[in-house]
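Note sheet for the following structure.
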Amino acid sequence: MKDAYSFHVDEASMAQGYRLMFEAYMRIFTRIGLKFRAVQADSGSIGGSTSQEFHVLADSGEDAIVFSDADDYAANLEMAATVPPAAPRAAAAQPLVKVQTPNARTVAQLAEFLKVDAARCVKTLLVDASQGGVVALVIRGDHELNALKAQKLPGVAAPLRMASAERVREATGCEPGFVGPIGFSGAIYVDHAAAKLADFVCGSNEKDVHFTGANWGRDLPDPKSVDLRNAQAGDSSPSGRGTLQIARGIEVGHIFHLGQLYSEALNATVLDEQGNAQTMFMGCYGIGVTRVVAAAIEQNHDENGILWPEAIAPFQVVLVPINYQKSAQVRETADRLYRDFDAAGIDVLLDDRDARPGVKFADSELIGIPHRIVIGERSLSAGNLEYRNRRETESTEFSAVDPVGYIRHKLNA
């Protein structure tokens with residue numbers, strides 16, 4: 001890790017320092033050549049009021065990144081906000097009916113049995129309350145509960161814990177899998193999308209039975225909705241512009257606005273200009289150096305090996321002499337080029353192994369050095385060297401008069 005900490009006399013200075021570090025991280029990852037997103041994130045166990053993660057976009061990423069297709073809104077999936085559907089809730093059109101649904105414990109089983117879309121069902125999840133008992137969380141059948149959002153609600157235990165089967169029976173009188181909001185006497189939180197449903201299907205708090213045609217305001221109280229679910233691709237962006245897309249990301253950096261969380265606990269103060277003790281404001285910042293390497297490879301590779309971004313390649317140029325041990329001309333040229341590139345400040349690797357050309361070419365592609373110069377008797381006899389960029393498929397011959405200048409031009413291109 002690359003770790004850094006900042007200390008500030010007031011909140012304005014803290015905000016400025018945090019912004020400067022954010023911009024520095026943006027420049028670092030841009031210069032490296034990574035495709036990345038800075039996203040709103042949960043501060044987790046480190047704490048603080050604000051934090052942002054930097055994610056390299058890659059299919060193998062461990063995190064889901066939510067972003068708008070119309071502006072710079074981006075957030076980790078656990079932090080991405082959802083907004084209430086814009087359309088008003090439809091009027092009730094169906095009567096409330098109890099339907100026998102044997103063994104239909106899951107939304108998928110229920111939707112299949114009743115031949116309805118999962119989006120027309122609601123699932124009622126019972127979780128432990130912070131002061132004992134349970135709280136009901138109601139979301140649409142095709143949505144997933146967001147644990148981080150749920151555990152921040154008043155009265156909900158943190159970390160979030162699903163209620164045991166025994167607690168479910170105590171609270172509802174029925175087995176798990178058939179719980180519903182109608183008649184539930186405890187605290188209920190309803191997600192925005194579920195609150196806009198009309199004529200929906202829900203559990204009846206009776207084994208093997210569900211309600212169809214359930215409606216808010218008629219069969220149970222009209223809810224005050226909250227944001228309870230994970231965002232999905234196609235949702236409206238919380239920014240009000242565009243729709244949300246989801247990609248996988250590898251976290252390579254994280255910055256935290258800690259405020260006075262730790263300095264208050266440690267009584268860490270500094271004297272201001274008037275000589276008064278002020279509790280410091282703090283920020284902390286980290287880049288996962290080894291993660292950057294792994295993420296760069298995930299984004300930059302082909303079937304032959306690594307395609308290093310120029311800024312972090314272990315070498316800029318690899319010299320591949322053909323018959324280095326047998327040809328004095330090849331050996332002398334290769335050694336001279338190595339000295340010239342080194343003197344010019346260009347990181348260069350000389351492959352002077354006694355190996356077949358195919359082995360050397362394969363290894364140079366495997367380790368991904370951006371620029372390759374091949375030195376062979378045939379090209380030297382014509383006064384040329386052979387050049388190939390690691391990201392290209394064809395080689396080019398160029399004059400052997402000024403190879404350093406030739407490569408320098410490529411590096412600056």
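By order in the structure tokens, chains are A, B, ...; within a chain, residues start at 1; ligands start at 1, following the order shown.
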
To test your reading of the structure, identify every residue in segment 53-293 of chain A that backbone DSSP assigns to strand (DSSP E), and report it as an MDAnalysis selection string.
chainID A and resid 53:57 63:68 74:76 97:100 122:128 134:140 187:191 200:206 209:214 225:226 244:259 269:271 277:279 281:287

Where does DSSP see helix (DSSP H, G or I) in segment 24-116 of chain A, if you list the residues as a PDB file with all heavy atoms, in the first residue's frame?
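After the write, out_25.pdb holds the following:
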```pdb
ATOM      1  N   ALA A  24      -5.161  14.358  -7.327  1.00  0.00           N
ATOM      2  CA  ALA A  24      -3.873  13.690  -7.523  1.00  0.00           C
ATOM      3  C   ALA A  24      -4.077  12.232  -7.912  1.00  0.00           C
ATOM      4  O   ALA A  24      -3.415  11.707  -8.820  1.00  0.00           O
ATOM      5  CB  ALA A  24      -3.033  13.788  -6.250  1.00  0.00           C
ATOM      6  N   TYR A  25      -5.001  11.552  -7.238  1.00  0.00           N
ATOM      7  CA  TYR A  25      -5.276  10.154  -7.568  1.00  0.00           C
ATOM      8  C   TYR A  25      -5.832  10.034  -8.994  1.00  0.00           C
ATOM      9  O   TYR A  25      -5.492   9.098  -9.733  1.00  0.00           O
ATOM     10  CB  TYR A  25      -6.268   9.564  -6.564  1.00  0.00           C
ATOM     11  CG  TYR A  25      -5.630   9.038  -5.298  1.00  0.00           C
ATOM     12  CD1 TYR A  25      -4.510   9.648  -4.742  1.00  0.00           C
ATOM     13  CD2 TYR A  25      -6.151   7.930  -4.647  1.00  0.00           C
ATOM     14  CE1 TYR A  25      -3.929   9.171  -3.582  1.00  0.00           C
ATOM     15  CE2 TYR A  25      -5.581   7.440  -3.485  1.00  0.00           C
ATOM     16  CZ  TYR A  25      -4.473   8.065  -2.952  1.00  0.00           C
ATOM     17  OH  TYR A  25      -3.909   7.579  -1.810  1.00  0.00           O
ATOM     18  N   MET A  26      -6.698  10.969  -9.371  1.00  0.00           N
ATOM     19  CA  MET A  26      -7.243  10.950 -10.729  1.00  0.00           C
ATOM     20  C   MET A  26      -6.116  11.076 -11.753  1.00  0.00           C
ATOM     21  O   MET A  26      -6.097  10.369 -12.772  1.00  0.00           O
ATOM     22  CB  MET A  26      -8.247  12.090 -10.908  1.00  0.00           C
ATOM     23  CG  MET A  26      -9.524  11.941 -10.096  1.00  0.00           C
ATOM     24  SD  MET A  26     -10.632  10.651 -10.692  1.00  0.00           S
ATOM     25  CE  MET A  26     -11.297  11.452 -12.150  1.00  0.00           C
ATOM     26  N   ARG A  27      -5.151  11.959 -11.488  1.00  0.00           N
ATOM     27  CA  ARG A  27      -4.028  12.141 -12.415  1.00  0.00           C
ATOM     28  C   ARG A  27      -3.144  10.891 -12.450  1.00  0.00           C
ATOM     29  O   ARG A  27      -2.663  10.502 -13.519  1.00  0.00           O
ATOM     30  CB  ARG A  27      -3.201  13.362 -12.015  1.00  0.00           C
ATOM     31  CG  ARG A  27      -3.905  14.690 -12.278  1.00  0.00           C
ATOM     32  CD  ARG A  27      -2.928  15.857 -12.208  1.00  0.00           C
ATOM     33  NE  ARG A  27      -2.287  15.963 -10.904  1.00  0.00           N
ATOM     34  CZ  ARG A  27      -2.787  16.640  -9.875  1.00  0.00           C
ATOM     35  NH1 ARG A  27      -3.942  17.276  -9.995  1.00  0.00           N
ATOM     36  NH2 ARG A  27      -2.138  16.703  -8.726  1.00  0.00           N
ATOM     37  N   ILE A  28      -2.928  10.264 -11.286  1.00  0.00           N
ATOM     38  CA  ILE A  28      -2.087   9.066 -11.235  1.00  0.00           C
ATOM     39  C   ILE A  28      -2.672   7.961 -12.103  1.00  0.00           C
ATOM     40  O   ILE A  28      -1.991   7.388 -12.959  1.00  0.00           O
ATOM     41  CB  ILE A  28      -1.930   8.587  -9.776  1.00  0.00           C
ATOM     42  CG1 ILE A  28      -1.032   9.544  -8.986  1.00  0.00           C
ATOM     43  CG2 ILE A  28      -1.360   7.172  -9.734  1.00  0.00           C
ATOM     44  CD1 ILE A  28      -1.038   9.292  -7.488  1.00  0.00           C
ATOM     45  N   PHE A  29      -3.944   7.657 -11.893  1.00  0.00           N
ATOM     46  CA  PHE A  29      -4.549   6.543 -12.624  1.00  0.00           C
ATOM     47  C   PHE A  29      -4.746   6.868 -14.098  1.00  0.00           C
ATOM     48  O   PHE A  29      -4.679   5.982 -14.954  1.00  0.00           O
ATOM     49  CB  PHE A  29      -5.865   6.135 -11.963  1.00  0.00           C
ATOM     50  CG  PHE A  29      -5.699   5.630 -10.556  1.00  0.00           C
ATOM     51  CD1 PHE A  29      -6.441   6.158  -9.514  1.00  0.00           C
ATOM     52  CD2 PHE A  29      -4.775   4.633 -10.268  1.00  0.00           C
ATOM     53  CE1 PHE A  29      -6.280   5.701  -8.221  1.00  0.00           C
ATOM     54  CE2 PHE A  29      -4.598   4.175  -8.969  1.00  0.00           C
ATOM     55  CZ  PHE A  29      -5.351   4.707  -7.945  1.00  0.00           C
ATOM     56  N   THR A  30      -4.958   8.159 -14.409  1.00  0.00           N
ATOM     57  CA  THR A  30      -5.058   8.568 -15.812  1.00  0.00           C
ATOM     58  C   THR A  30      -3.705   8.423 -16.497  1.00  0.00           C
ATOM     59  O   THR A  30      -3.610   7.914 -17.618  1.00  0.00           O
ATOM     60  CB  THR A  30      -5.547  10.018 -15.913  1.00  0.00           C
ATOM     61  OG1 THR A  30      -6.855  10.113 -15.333  1.00  0.00           O
ATOM     62  CG2 THR A  30      -5.607  10.462 -17.363  1.00  0.00           C
ATOM     63  N   ARG A  31      -2.648   8.862 -15.830  1.00  0.00           N
ATOM     64  CA  ARG A  31      -1.302   8.771 -16.415  1.00  0.00           C
ATOM     65  C   ARG A  31      -0.888   7.318 -16.626  1.00  0.00           C
ATOM     66  O   ARG A  31      -0.239   6.984 -17.629  1.00  0.00           O
ATOM     67  CB  ARG A  31      -0.292   9.468 -15.507  1.00  0.00           C
ATOM     68  CG  ARG A  31       1.136   9.433 -16.056  1.00  0.00           C
ATOM     69  CD  ARG A  31       2.104  10.120 -15.118  1.00  0.00           C
ATOM     70  NE  ARG A  31       3.481   9.978 -15.588  1.00  0.00           N
ATOM     71  CZ  ARG A  31       4.552  10.351 -14.901  1.00  0.00           C
ATOM     72  NH1 ARG A  31       4.401  10.903 -13.723  1.00  0.00           N
ATOM     73  NH2 ARG A  31       5.757  10.172 -15.393  1.00  0.00           N
ATOM     74  N   ILE A  32      -1.257   6.455 -15.688  1.00  0.00           N
ATOM     75  CA  ILE A  32      -0.943   5.040 -15.852  1.00  0.00           C
ATOM     76  C   ILE A  32      -1.635   4.463 -17.079  1.00  0.00           C
ATOM     77  O   ILE A  32      -1.151   3.516 -17.699  1.00  0.00           O
ATOM     78  CB  ILE A  32      -1.338   4.269 -14.574  1.00  0.00           C
ATOM     79  CG1 ILE A  32      -0.383   4.652 -13.432  1.00  0.00           C
ATOM     80  CG2 ILE A  32      -1.301   2.762 -14.787  1.00  0.00           C
ATOM     81  CD1 ILE A  32      -0.778   4.076 -12.092  1.00  0.00           C
ATOM     82  N   VAL A 107     -39.799 -16.324  -4.398  1.00  0.00           N
ATOM     83  CA  VAL A 107     -40.482 -15.509  -5.408  1.00  0.00           C
ATOM     84  C   VAL A 107     -40.521 -16.234  -6.746  1.00  0.00           C
ATOM     85  O   VAL A 107     -41.538 -16.214  -7.448  1.00  0.00           O
ATOM     86  CB  VAL A 107     -39.800 -14.137  -5.543  1.00  0.00           C
ATOM     87  CG1 VAL A 107     -40.338 -13.385  -6.751  1.00  0.00           C
ATOM     88  CG2 VAL A 107     -40.001 -13.314  -4.283  1.00  0.00           C
ATOM     89  N   ALA A 108     -39.403 -16.898  -7.103  1.00  0.00           N
ATOM     90  CA  ALA A 108     -39.366 -17.620  -8.376  1.00  0.00           C
ATOM     91  C   ALA A 108     -40.421 -18.719  -8.407  1.00  0.00           C
ATOM     92  O   ALA A 108     -41.137 -18.896  -9.421  1.00  0.00           O
ATOM     93  CB  ALA A 108     -37.978 -18.203  -8.602  1.00  0.00           C
ATOM     94  N   GLN A 109     -40.544 -19.472  -7.314  1.00  0.00           N
ATOM     95  CA  GLN A 109     -41.550 -20.539  -7.252  1.00  0.00           C
ATOM     96  C   GLN A 109     -42.962 -19.960  -7.290  1.00  0.00           C
ATOM     97  O   GLN A 109     -43.849 -20.491  -7.969  1.00  0.00           O
ATOM     98  CB  GLN A 109     -41.350 -21.354  -5.977  1.00  0.00           C
ATOM     99  CG  GLN A 109     -40.069 -22.168  -5.961  1.00  0.00           C
ATOM    100  CD  GLN A 109     -39.761 -22.743  -4.580  1.00  0.00           C
ATOM    101  OE1 GLN A 109     -40.270 -22.264  -3.561  1.00  0.00           O
ATOM    102  NE2 GLN A 109     -38.912 -23.773  -4.549  1.00  0.00           N
ATOM    103  N   LEU A 110     -43.169 -18.853  -6.572  1.00  0.00           N
ATOM    104  CA  LEU A 110     -44.491 -18.220  -6.533  1.00  0.00           C
ATOM    105  C   LEU A 110     -44.897 -17.672  -7.898  1.00  0.00           C
ATOM    106  O   LEU A 110     -46.024 -17.876  -8.359  1.00  0.00           O
ATOM    107  CB  LEU A 110     -44.485 -17.101  -5.490  1.00  0.00           C
ATOM    108  CG  LEU A 110     -45.794 -16.345  -5.278  1.00  0.00           C
ATOM    109  CD1 LEU A 110     -46.868 -17.267  -4.728  1.00  0.00           C
ATOM    110  CD2 LEU A 110     -45.568 -15.156  -4.338  1.00  0.00           C
ATOM    111  N   ALA A 111     -43.960 -16.976  -8.551  1.00  0.00           N
ATOM    112  CA  ALA A 111     -44.250 -16.402  -9.865  1.00  0.00           C
ATOM    113  C   ALA A 111     -44.562 -17.491 -10.880  1.00  0.00           C
ATOM    114  O   ALA A 111     -45.475 -17.338 -11.712  1.00  0.00           O
ATOM    115  CB  ALA A 111     -43.075 -15.547 -10.336  1.00  0.00           C
ATOM    116  N   GLU A 112     -43.824 -18.591 -10.817  1.00  0.00           N
ATOM    117  CA  GLU A 112     -44.075 -19.702 -11.726  1.00  0.00           C
ATOM    118  C   GLU A 112     -45.436 -20.339 -11.454  1.00  0.00           C
ATOM    119  O   GLU A 112     -46.197 -20.649 -12.377  1.00  0.00           O
ATOM    120  CB  GLU A 112     -42.958 -20.743 -11.582  1.00  0.00           C
ATOM    121  CG  GLU A 112     -43.175 -22.034 -12.356  1.00  0.00           C
ATOM    122  CD  GLU A 112     -43.207 -21.833 -13.859  1.00  0.00           C
ATOM    123  OE1 GLU A 112     -42.645 -20.823 -14.340  1.00  0.00           O
ATOM    124  OE2 GLU A 112     -43.801 -22.688 -14.553  1.00  0.00           O
ATOM    125  N   PHE A 113     -45.771 -20.535 -10.190  1.00  0.00           N
ATOM    126  CA  PHE A 113     -47.035 -21.177  -9.823  1.00  0.00           C
ATOM    127  C   PHE A 113     -48.237 -20.329 -10.234  1.00  0.00           C
ATOM    128  O   PHE A 113     -49.229 -20.840 -10.767  1.00  0.00           O
ATOM    129  CB  PHE A 113     -47.070 -21.447  -8.314  1.00  0.00           C
ATOM    130  CG  PHE A 113     -48.289 -22.157  -7.836  1.00  0.00           C
ATOM    131  CD1 PHE A 113     -48.379 -23.544  -7.931  1.00  0.00           C
ATOM    132  CD2 PHE A 113     -49.370 -21.456  -7.299  1.00  0.00           C
ATOM    133  CE1 PHE A 113     -49.516 -24.216  -7.499  1.00  0.00           C
ATOM    134  CE2 PHE A 113     -50.510 -22.110  -6.871  1.00  0.00           C
ATOM    135  CZ  PHE A 113     -50.585 -23.501  -6.971  1.00  0.00           C
ATOM    136  N   LEU A 114     -48.159 -19.014  -9.996  1.00  0.00           N
ATOM    137  CA  LEU A 114     -49.282 -18.116 -10.299  1.00  0.00           C
ATOM    138  C   LEU A 114     -49.237 -17.543 -11.709  1.00  0.00           C
ATOM    139  O   LEU A 114     -50.165 -16.841 -12.119  1.00  0.00           O
ATOM    140  CB  LEU A 114     -49.309 -16.967  -9.290  1.00  0.00           C
ATOM    141  CG  LEU A 114     -49.563 -17.337  -7.830  1.00  0.00           C
ATOM    142  CD1 LEU A 114     -49.474 -16.094  -6.942  1.00  0.00           C
ATOM    143  CD2 LEU A 114     -50.918 -18.007  -7.674  1.00  0.00           C
TER     144      LEU A 114
END
```

For Leu96 of chain A, find every residue with an atom within 9 Å (counting only C-alpha atoms), except residues of its own chain fewer than 2 positions away, and show them as a list in words.
Gln94, Lys98, Asp199, Phe211, Thr212, Gly213, Ala214, Asn215 and Asp219 of chain A

Rounded to one decimal in Å, what is the spacing between atom CA of Gly288 of chain A and atom CA of Leu261 of chain A?
23.7 Å

Within 7 Å of segment 319-321 of chain A, counting only C-alpha atoms, which residues qualify if same-chain residues fewer than 2 places away don't, as a PyMOL selection string?
chain A and resi 317+323-324+330+334+349-352+360+372-376

Counting only C-alpha atoms, which of A:Asp117, A:Asp10, A:Glu298, A:Asp208 gets nearest to Met282 of chain A?
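For Met282 of chain A, the nearest of the candidates is A:Asp10.
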
Name the closest residue to Val348 of chain A among the candidates A:Trp216, A:Phe36, A:Tyr285, A:Phe315; distances are taken between atoms, counting only C-alpha atoms.
A:Phe315

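Atom CA of Glu144 of chain A lies 29.4 Å from atom CA of His257 of chain A.
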
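If only C-alpha atoms are the atoms counted, then among A:Ala15, A:Ile250, A:Val190, A:Ala70 the closest residue to Ser225 of chain A is A:Val190.
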
With only C-alpha atoms as the counted atoms, please give the residues lying no more than 12 Å from Pro309 of chain A, apart from itself and same-chain residues fewer than 4 positions off, as a PyMOL selection string.
chain A and resi 29-35+292-293+295-301+313-316+367-371+389-391+411

Find the spatial neighbours of Ala158 of chain A, counting only C-alpha atoms, within a cut-off of 12 Å - ignore same-chain residues fewer than 2 positions away - and output them as a PDB file with C-alpha atoms, in the first residue's frame.
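Final output, selection_21.pdb:
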```pdb
ATOM      1  CA  VAL A 127     -34.620  -8.869  10.250  1.00  0.00           C
ATOM      2  CA  ASP A 128     -33.549  -8.458  13.850  1.00  0.00           C
ATOM      3  CA  ALA A 129     -34.457  -5.177  15.501  1.00  0.00           C
ATOM      4  CA  SER A 130     -31.842  -3.242  17.464  1.00  0.00           C
ATOM      5  CA  GLN A 131     -33.925  -3.381  20.672  1.00  0.00           C
ATOM      6  CA  ALA A 147     -27.934  -4.721   3.556  1.00  0.00           C
ATOM      7  CA  LEU A 148     -25.960  -1.518   4.100  1.00  0.00           C
ATOM      8  CA  LYS A 149     -29.003   0.681   3.468  1.00  0.00           C
ATOM      9  CA  ALA A 150     -31.218  -1.532   5.623  1.00  0.00           C
ATOM     10  CA  GLN A 151     -28.955  -1.565   8.674  1.00  0.00           C
ATOM     11  CA  LYS A 152     -28.849   2.231   8.725  1.00  0.00           C
ATOM     12  CA  LEU A 153     -32.619   2.470   9.250  1.00  0.00           C
ATOM     13  CA  PRO A 154     -33.833   3.403  12.750  1.00  0.00           C
ATOM     14  CA  GLY A 155     -34.624   0.339  14.813  1.00  0.00           C
ATOM     15  CA  VAL A 156     -32.757  -2.140  12.581  1.00  0.00           C
ATOM     16  CA  LEU A 160     -27.972  -6.621   9.496  1.00  0.00           C
ATOM     17  CA  ARG A 161     -29.154 -10.045  10.646  1.00  0.00           C
ATOM     18  CA  MET A 162     -31.986 -12.018   9.107  1.00  0.00           C
TER      19      MET A 162
END
```

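Closest approach to Tyr406 of chain A from the set A:Arg89, A:Arg339, A:Arg331, A:Arg388 is made by A:Arg388, with distances taken over only C-alpha atoms.
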